[in-house]
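The file structure30.csv contains CSV, C-alpha atoms (C1' of nucleotides):
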chain,number,residue,atom,x,y,z
A,1,MET,CA,0.0,0.0,0.0
A,2,PRO,CA,2.6,2.5,1.0
A,3,GLU,CA,3.0,5.7,-0.9
A,4,LEU,CA,4.4,8.9,0.8
A,5,PRO,CA,1.4,9.4,3.2
A,6,GLU,CA,1.4,5.8,4.3
A,7,VAL,CA,5.1,5.8,5.0
A,8,HIS,CA,4.6,9.1,6.8
A,9,ASN,CA,2.2,7.1,9.1
A,10,PHE,CA,4.8,4.3,9.4
A,11,LYS,CA,7.3,6.9,10.6
A,12,GLN,CA,4.9,8.1,13.3
A,13,TYR,CA,4.3,4.6,14.4
A,14,PHE,CA,8.0,3.7,14.2
A,15,ASP,CA,9.1,6.8,16.2
A,16,ALA,CA,6.6,6.1,19.0
A,17,ALA,CA,7.6,2.4,19.1
A,18,ALA,CA,11.3,2.6,18.7
A,19,THR,CA,12.9,5.9,19.6
A,20,ASN,CA,15.4,5.5,22.4
A,21,GLN,CA,14.9,1.8,22.4
A,22,VAL,CA,17.9,-0.5,22.6
A,23,ILE,CA,17.9,-3.5,20.3
A,24,ASP,CA,18.6,-6.6,22.4
A,25,ARG,CA,18.5,-9.0,19.5
A,26,VAL,CA,17.1,-9.4,16.0
A,27,THR,CA,15.2,-12.3,14.4
A,28,VAL,CA,15.4,-12.8,10.7
A,29,HIS,CA,12.7,-15.2,9.3
A,30,ASP,CA,13.6,-14.6,5.7
A,31,ASP,CA,17.1,-13.7,4.7
A,32,LYS,CA,16.1,-12.5,1.2
A,33,ILE,CA,14.4,-9.4,2.5
A,34,ILE,CA,17.8,-8.1,3.7
A,35,ARG,CA,19.3,-6.8,0.5
A,36,ASN,CA,22.9,-6.0,1.3
A,37,MET,CA,24.1,-8.6,3.7
A,38,SER,CA,23.3,-12.0,5.1
A,39,GLY,CA,20.9,-12.5,8.0
A,40,PRO,CA,23.5,-13.3,10.6
A,41,VAL,CA,25.7,-10.3,9.7
A,42,PHE,CA,22.6,-8.1,9.7
A,43,THR,CA,21.7,-9.4,13.1
A,44,ASP,CA,25.2,-8.8,14.5
A,45,ALA,CA,25.3,-5.3,13.1
A,46,LEU,CA,22.1,-4.3,15.0
A,47,ALA,CA,22.4,-6.1,18.3
A,48,GLY,CA,23.1,-3.7,21.1
A,49,ARG,CA,22.4,-0.6,19.0
A,50,LYS,CA,20.2,2.2,20.2
A,51,ILE,CA,17.6,3.8,17.9
A,52,THR,CA,17.7,7.6,18.0
A,53,GLY,CA,15.0,8.5,15.6
A,54,SER,CA,14.1,8.3,11.9
A,55,VAL,CA,14.2,10.2,8.7
A,56,ARG,CA,11.7,9.7,5.8
A,57,ARG,CA,12.3,10.6,2.2
A,58,GLY,CA,9.7,9.6,-0.3
A,59,LYS,CA,8.7,6.0,0.5
A,60,TYR,CA,12.0,5.3,2.2
A,61,LEU,CA,12.2,5.3,6.0
A,62,PHE,CA,15.7,5.5,7.5
A,63,ALA,CA,15.9,4.4,11.2
A,64,GLN,CA,18.8,6.2,12.7
A,65,LEU,CA,21.2,4.4,15.0
A,66,GLU,CA,23.4,5.9,17.7
A,67,ASN,CA,26.6,4.9,15.8
A,68,GLY,CA,25.6,7.1,12.9
A,69,HIS,CA,24.5,4.2,10.7
A,70,ASP,CA,20.9,3.6,9.5
A,71,LEU,CA,18.5,0.8,9.1
A,72,LEU,CA,16.6,1.3,5.9
A,73,LEU,CA,13.0,0.2,5.7
A,74,HIS,CA,11.3,0.2,2.3
A,75,PHE,CA,7.8,-1.2,2.5
A,76,GLY,CA,7.4,-2.4,-1.0
A,77,MET,CA,3.8,-3.2,-1.9
A,78,ASN,CA,2.4,-4.2,1.4
A,79,GLY,CA,5.0,-4.0,4.2
A,80,ASP,CA,3.7,-3.1,7.7
A,81,LEU,CA,5.0,-2.5,11.2
A,82,ASN,CA,3.6,-4.4,14.2
A,83,LEU,CA,4.6,-3.6,17.8
A,84,TYR,CA,3.8,-6.3,20.3
A,85,GLN,CA,4.7,-8.0,23.6
A,86,ASP,CA,3.0,-11.3,23.4
A,87,GLU,CA,4.4,-13.8,20.9
A,88,SER,CA,0.8,-14.6,19.9
A,89,ASP,CA,0.5,-11.2,18.4
A,90,ARG,CA,3.3,-11.8,15.9
A,91,GLY,CA,2.2,-11.2,12.4
A,92,ARG,CA,1.6,-14.2,10.1
A,93,PHE,CA,3.9,-12.7,7.5
A,94,GLU,CA,6.6,-11.2,9.8
A,95,ARG,CA,10.0,-11.3,8.0
A,96,PHE,CA,12.2,-9.9,10.7
A,97,ALA,CA,11.8,-8.4,14.1
A,98,LEU,CA,13.7,-6.1,16.5
A,99,HIS,CA,13.5,-7.3,20.1
A,100,PHE,CA,14.0,-4.4,22.4
A,101,ARG,CA,15.5,-4.5,25.9
A,102,ASP,CA,12.3,-3.3,27.4
A,103,GLY,CA,10.6,-6.5,26.3
A,104,ASN,CA,8.7,-5.1,23.3
A,105,THR,CA,9.1,-6.4,19.8
A,106,LEU,CA,8.8,-4.5,16.6
A,107,GLY,CA,7.9,-6.8,13.8
A,108,PHE,CA,8.2,-6.0,10.1
A,109,ASP,CA,5.5,-7.9,8.1
A,110,ASP,CA,5.5,-8.3,4.4
A,111,SER,CA,3.4,-10.9,2.7
A,112,ARG,CA,4.6,-10.4,-0.8
A,113,LYS,CA,8.3,-10.0,0.0
A,114,PHE,CA,8.7,-6.9,-2.1
A,115,ALA,CA,10.1,-4.9,0.8
A,116,ARG,CA,13.7,-4.0,0.9
A,117,ILE,CA,15.7,-3.8,4.1
A,118,LEU,CA,19.3,-2.6,4.2
A,119,TYR,CA,21.9,-1.8,6.8
A,120,LEU,CA,23.6,1.4,5.7
A,121,GLU,CA,26.8,3.0,6.9
A,122,ASP,CA,26.2,6.1,4.9
A,123,ARG,CA,22.6,7.2,4.3
A,124,LEU,CA,23.5,10.1,2.0
A,125,ALA,CA,25.8,8.0,-0.2
A,126,TYR,CA,22.9,5.5,-0.6
A,127,ILE,CA,20.5,8.3,-1.6
A,128,GLU,CA,23.0,9.5,-4.1
A,129,GLN,CA,23.6,6.0,-5.4
A,130,ILE,CA,19.9,5.3,-6.1
A,131,LYS,CA,19.4,8.8,-7.3
A,132,LEU,CA,16.4,9.4,-5.0
A,133,GLY,CA,14.8,12.8,-5.8
A,134,PRO,CA,13.5,15.3,-3.2
A,135,ASP,CA,10.6,14.4,-1.0
A,136,ALA,CA,7.3,15.5,-2.6
A,137,LEU,CA,6.6,17.7,0.5
A,138,ASP,CA,9.9,19.5,0.0
A,139,LEU,CA,9.6,19.8,-3.8
A,140,GLU,CA,10.5,23.2,-5.2
A,141,GLU,CA,8.8,24.6,-8.3
A,142,ALA,CA,11.9,25.7,-10.1
A,143,TYR,CA,13.5,22.3,-9.6
A,144,PHE,CA,10.4,20.4,-10.7
A,145,LEU,CA,10.0,22.5,-13.8
A,146,HIS,CA,13.6,21.9,-14.7
A,147,GLN,CA,13.2,18.1,-14.3
A,148,LEU,CA,10.4,18.2,-16.8
A,149,GLU,CA,12.5,19.9,-19.5
A,150,GLY,CA,13.2,17.7,-22.6
A,151,ARG,CA,11.2,14.8,-21.2
A,152,LYS,CA,9.1,12.9,-23.7
A,153,THR,CA,7.5,10.4,-21.3
A,154,THR,CA,4.0,10.5,-20.0
A,155,LEU,CA,2.7,12.7,-17.2
A,156,LYS,CA,2.1,9.6,-15.2
A,157,GLY,CA,5.5,8.2,-16.0
A,158,ILE,CA,7.3,11.3,-14.8
A,159,LEU,CA,5.3,11.5,-11.5
A,160,LEU,CA,6.0,7.9,-10.7
A,161,ASN,CA,9.8,8.4,-11.3
A,162,GLN,CA,11.3,8.5,-7.8
A,163,SER,CA,14.4,10.4,-9.1
A,164,VAL,CA,12.2,13.3,-10.2
A,165,VAL,CA,10.1,13.5,-7.1
A,166,ALA,CA,10.1,10.9,-4.2
A,167,GLY,CA,7.0,9.5,-2.7
A,168,LEU,CA,4.2,9.4,-5.3
A,169,GLY,CA,2.7,6.0,-6.3
A,170,ASN,CA,0.1,4.7,-8.5
A,171,LEU,CA,-3.0,5.8,-6.5
A,172,TYR,CA,-2.0,9.3,-5.7
A,173,VAL,CA,-0.7,10.0,-9.2
A,174,ASP,CA,-4.1,9.2,-10.6
A,175,GLU,CA,-5.7,11.7,-8.1
A,176,ILE,CA,-3.2,14.4,-9.1
A,177,CYS,CA,-4.0,13.8,-12.8
A,178,TYR,CA,-7.7,13.9,-12.0
A,179,ARG,CA,-7.4,17.2,-10.2
A,180,THR,CA,-5.3,18.8,-13.0
A,181,ARG,CA,-7.9,17.6,-15.6
A,182,LEU,CA,-5.0,16.2,-17.6
A,183,HIS,CA,-5.0,12.7,-19.0
A,184,PRO,CA,-2.3,10.6,-17.4
A,185,ALA,CA,-0.9,9.6,-20.8
A,186,SER,CA,-0.3,13.2,-21.8
A,187,ARG,CA,3.2,13.9,-23.0
A,188,VAL,CA,5.4,16.0,-20.7
A,189,ASN,CA,7.0,17.9,-23.6
A,190,ALA,CA,3.6,18.8,-25.0
A,191,MET,CA,2.3,20.5,-21.8
A,192,THR,CA,2.3,24.3,-21.3
A,193,LEU,CA,4.1,26.0,-18.5
A,194,GLU,CA,0.8,26.7,-16.8
A,195,GLN,CA,-0.2,23.1,-16.9
A,196,LYS,CA,3.2,22.1,-15.4
A,197,LYS,CA,2.8,24.6,-12.6
A,198,MET,CA,-0.7,23.3,-12.0
A,199,ILE,CA,0.7,19.8,-11.6
A,200,TYR,CA,3.3,21.1,-9.2
A,201,ARG,CA,0.6,22.7,-7.1
A,202,GLU,CA,-1.5,19.6,-7.0
A,203,ILE,CA,1.5,17.4,-6.0
A,204,ILE,CA,1.9,19.6,-2.9
A,205,ASP,CA,-1.8,19.9,-2.1
A,206,VAL,CA,-2.6,16.2,-2.4
A,207,MET,CA,0.4,15.2,-0.4
A,208,GLU,CA,-0.3,17.7,2.3
A,209,TYR,CA,-3.9,16.8,2.5
A,210,ALA,CA,-3.2,13.1,2.6
A,211,THR,CA,-0.5,13.3,5.3
A,212,GLN,CA,-2.6,15.5,7.5
A,213,ASN,CA,-5.8,13.5,7.1
A,214,ALA,CA,-4.8,9.9,6.7
A,215,PRO,CA,-5.3,7.6,9.6
A,216,TYR,CA,-2.7,4.8,10.2
A,217,TYR,CA,-2.6,2.4,7.3
A,218,ARG,CA,-6.2,1.5,6.4
A,219,ASP,CA,-9.6,3.0,7.0
A,220,TYR,CA,-9.4,6.1,5.0
A,221,PRO,CA,-12.3,8.7,5.1
A,222,GLU,CA,-15.4,7.9,3.1
A,223,ASN,CA,-14.8,10.7,0.6
A,224,TRP,CA,-11.3,9.5,-0.3
A,225,PHE,CA,-10.9,9.4,-4.0
A,226,TRP,CA,-10.6,5.6,-4.3
A,227,HIS,CA,-13.9,5.3,-2.5
A,228,THR,CA,-15.5,7.6,-5.0
A,229,TRP,CA,-14.1,7.6,-8.5
A,230,ARG,CA,-11.0,5.4,-8.6
A,231,HIS,CA,-12.5,2.0,-8.8
A,232,GLU,CA,-14.5,-0.2,-11.2
A,233,GLY,CA,-17.9,1.4,-11.6
A,234,GLY,CA,-16.7,4.5,-9.7
A,235,GLN,CA,-18.5,7.8,-10.2
A,236,ASP,CA,-16.9,11.2,-10.9
A,237,PRO,CA,-18.0,13.2,-7.9
A,238,GLU,CA,-18.3,16.2,-10.2
A,239,GLY,CA,-20.3,14.3,-12.7
A,240,GLU,CA,-18.2,15.3,-15.7
A,241,GLY,CA,-17.8,11.9,-17.3
A,242,ALA,CA,-17.3,8.2,-17.0
A,243,VAL,CA,-14.5,6.5,-15.2
A,244,GLU,CA,-12.2,4.6,-17.6
A,245,ILE,CA,-9.6,2.0,-16.9
A,246,THR,CA,-6.4,1.7,-19.0
A,247,LYS,CA,-2.7,1.2,-18.6
A,248,VAL,CA,-0.2,4.0,-18.6
A,249,ALA,CA,3.5,3.7,-17.7
A,250,GLY,CA,2.8,0.0,-17.2
A,251,ARG,CA,0.4,0.6,-14.4
A,252,THR,CA,-3.3,0.2,-14.0
A,253,THR,CA,-4.7,3.7,-14.5
A,254,TYR,CA,-8.1,5.3,-13.8
A,255,TYR,CA,-9.2,8.5,-15.3
A,256,VAL,CA,-12.5,10.3,-16.1
A,257,GLN,CA,-13.2,10.4,-19.8
A,258,GLY,CA,-14.4,13.9,-20.8
A,259,ARG,CA,-12.9,15.6,-17.9
A,260,GLN,CA,-9.2,14.8,-18.4
A,261,LYS,CA,-7.6,16.2,-21.5
A,262,LEU,CA,-5.0,14.3,-23.5
A,263,VAL,CA,-2.2,16.6,-24.4
A,264,GLU,CA,0.3,15.2,-26.9
B,1,DT,C1',-8.6,-21.2,-10.4
B,2,DG,C1',-6.9,-17.6,-12.8
B,3,DT,C1',-5.8,-12.9,-12.5
B,4,DG,C1',-4.1,-8.8,-10.8
B,5,DA,C1',-1.8,-6.1,-7.1
B,6,DT,C1',-0.8,0.9,-3.7
B,7,DG,C1',6.9,-0.8,-6.0
B,8,DT,C1',11.5,-1.2,-7.8
B,9,DT,C1',15.1,-2.9,-10.6
B,10,DG,C1',17.9,-4.3,-14.3
B,11,DA,C1',17.9,-5.7,-19.0
B,12,DA,C1',16.3,-4.6,-23.5
B,13,DT,C1',15.1,-1.2,-26.7
B,14,DG,C1',15.1,3.2,-29.1
C,1,DG,C1',25.5,7.5,-22.9
C,2,DC,C1',20.7,8.7,-21.9
C,3,DA,C1',15.6,8.2,-21.7
C,4,DT,C1',12.2,5.0,-21.7
C,5,DT,C1',9.7,0.6,-21.5
C,6,DC,C1',8.9,-3.8,-19.7
C,7,DA,C1',9.4,-8.3,-17.6
C,8,DA,C1',10.6,-10.2,-13.3
C,9,DC,C1',10.4,-10.4,-8.5
C,10,DA,C1',7.0,-13.9,-4.6
C,11,DT,C1',2.8,-14.3,-2.7
C,12,DC,C1',-1.7,-13.4,-1.4
C,13,DA,C1',-6.6,-12.0,-2.1
C,14,DC,C1',-10.6,-11.9,-4.7
So that I can check it, write out the structure of this file as structure tokens.
Amino acid sequence: MPELPEVHNFKQYFDAAATNQVIDRVTVHDDKIIRNMSGPVFTDALAGRKITGSVRRGKYLFAQLENGHDLLLHFGMNGDLNLYQDESDRGRFERFALHFRDGNTLGFDDSRKFARILYLEDRLAYIEQIKLGPDALDLEEAYFLHQLEGRKTTLKGILLNQSVVAGLGNLYVDEICYRTRLHPASRVNAMTLEQKKMIYREIIDVMEYATQNAPYYRDYPENWFWHTWRHEGGQDPEGEGAVEITKVAGRTTYYVQGRQKLVE
DNA sequence: TGTGATGTTGAATG
DNA sequence: GCATTCAACATCAC
């Protein structure tokens, strides 16, 4: 599930659960989820470490350790955090868990195993390495406009590109396109400056609204866009047209025919 | 029971 | 070399 607003919520949950906790030991149920070292090496690297806080950038959550290193949590398609005391509360799909000295355990659940966990000695070097762009909430207009120059890809493709702006995913991109009245398959190089500025504005507005109003993980408000128009048989709340389903940038895409203009 | 899924990557292609 | 596209990843839910 996680896009920027969900990971924002994971951060809140993580900070409350783990800040100032000392890791007593680590359990790894599935070595493959740790992407840059073996399970035992990972376990040794974390044992005895204190967690001092966390930093979020896009969909990436960096848990900071007192030695200056970081534990990177990327939630993939359906990662989740689960703090518990009683072993019976352990998640069915827990892949690894931090056991704190105070007796609590923070489990990382991930049924589909698309999550990525790394132990990082240098967070900034890693961000540089994967070319992760600025967080959507920190996006500056001039930078964004510059990133769009000379691009021939689709509007949806550019918004999903984490190097351009970090944090947007399939659902929120559809909502941004809906609000701008632009068809998601519109070509970036065919759009006017005004249209690009409008996209910038909606990125910020949608992300701010979502982070301020989203409850933890599920159970979004009734008027959330995927309850109204972004689903099979959905209705455009403004009644301007029919909801169509197609594929853009390789992803399932919803848009309102008649409302969203294809610019190419 | 077959299909699709809210993400990322690396290989293939242009 | 760069931008872009697309299959692959592994498993579950509908």
Chain A residues near chain C within 7 Å, closest pair each, using all atoms listed in the file, as a tab-separated table:
residue	atom	partner	partner_atom	distance
A:Ser111	CA	C:DT11	C1'	6.4
A:Arg112	CA	C:DT11	C1'	4.7
A:Lys113	CA	C:DA10	C1'	6.2
Could the residues of chain B within 10 Å of chain A, counting all atoms listed in the file, be given as a PyMOL selection string, please? chain B and resi 4-8
Find the residues around A:Ala166 up to 12 Å (only C-alpha atoms (C1' of nucleotides) counted), leave out those fewer than 6 positions away in its own chain, and share them as a PyMOL selection string. chain A and resi 3-5+7+56-61+127+130-139+144+158-160+173+203+207
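Nearest to A:Asn161 of all the residues A:Ala249, A:Lys196, A:Asp174, A:Glu94 is A:Ala249, based on all atoms listed in the file.
Atom CA of A:Asp24 to atom CA of A:Asn82 spans 17.2 Å [interatomic distance, one decimal].
Between atom CA of A:Glu149 and atom CA of A:Ile199 there is a distance of 14.2 Å.
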Within 12 Å of (-19.7, 11.1, -8.4) (coordinates as in the file), grab all the protein and nucleic acid residues, counting only C-alpha atoms (C1' of nucleotides), and write them out as a PDB file with C-alpha atoms, in the coordinates of the input.
ATOM      1  CA  ASN A 223     -14.800  10.700   0.600  1.00  0.00           C
ATOM      2  CA  TRP A 224     -11.300   9.500  -0.300  1.00  0.00           C
ATOM      3  CA  PHE A 225     -10.900   9.400  -4.000  1.00  0.00           C
ATOM      4  CA  TRP A 226     -10.600   5.600  -4.300  1.00  0.00           C
ATOM      5  CA  HIS A 227     -13.900   5.300  -2.500  1.00  0.00           C
ATOM      6  CA  THR A 228     -15.500   7.600  -5.000  1.00  0.00           C
ATOM      7  CA  TRP A 229     -14.100   7.600  -8.500  1.00  0.00           C
ATOM      8  CA  ARG A 230     -11.000   5.400  -8.600  1.00  0.00           C
ATOM      9  CA  HIS A 231     -12.500   2.000  -8.800  1.00  0.00           C
ATOM     10  CA  GLY A 233     -17.900   1.400 -11.600  1.00  0.00           C
ATOM     11  CA  GLY A 234     -16.700   4.500  -9.700  1.00  0.00           C
ATOM     12  CA  GLN A 235     -18.500   7.800 -10.200  1.00  0.00           C
ATOM     13  CA  ASP A 236     -16.900  11.200 -10.900  1.00  0.00           C
ATOM     14  CA  PRO A 237     -18.000  13.200  -7.900  1.00  0.00           C
ATOM     15  CA  GLU A 238     -18.300  16.200 -10.200  1.00  0.00           C
ATOM     16  CA  GLY A 239     -20.300  14.300 -12.700  1.00  0.00           C
ATOM     17  CA  GLU A 240     -18.200  15.300 -15.700  1.00  0.00           C
ATOM     18  CA  GLY A 241     -17.800  11.900 -17.300  1.00  0.00           C
ATOM     19  CA  ALA A 242     -17.300   8.200 -17.000  1.00  0.00           C
ATOM     20  CA  VAL A 243     -14.500   6.500 -15.200  1.00  0.00           C
ATOM     21  CA  VAL A 256     -12.500  10.300 -16.100  1.00  0.00           C
TER      22      VAL A 256
END
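Reported to one decimal place, the separation of atom CA of A:Gln260 from atom CA of A:Glu202 is 14.6 Å.
Residues with any atom within 9 Å of A:Asn36, counting all atoms listed in the file and excluding same-chain neighbours fewer than 6 positions away, are Phe42, Ile117, Leu118, Tyr119 and Leu120 of chain A.
The residue that comes closest to A:His183, out of A:Asn9, A:Asn104, A:Thr253, A:Gln85 and on the basis of only C-alpha atoms, is A:Thr253.
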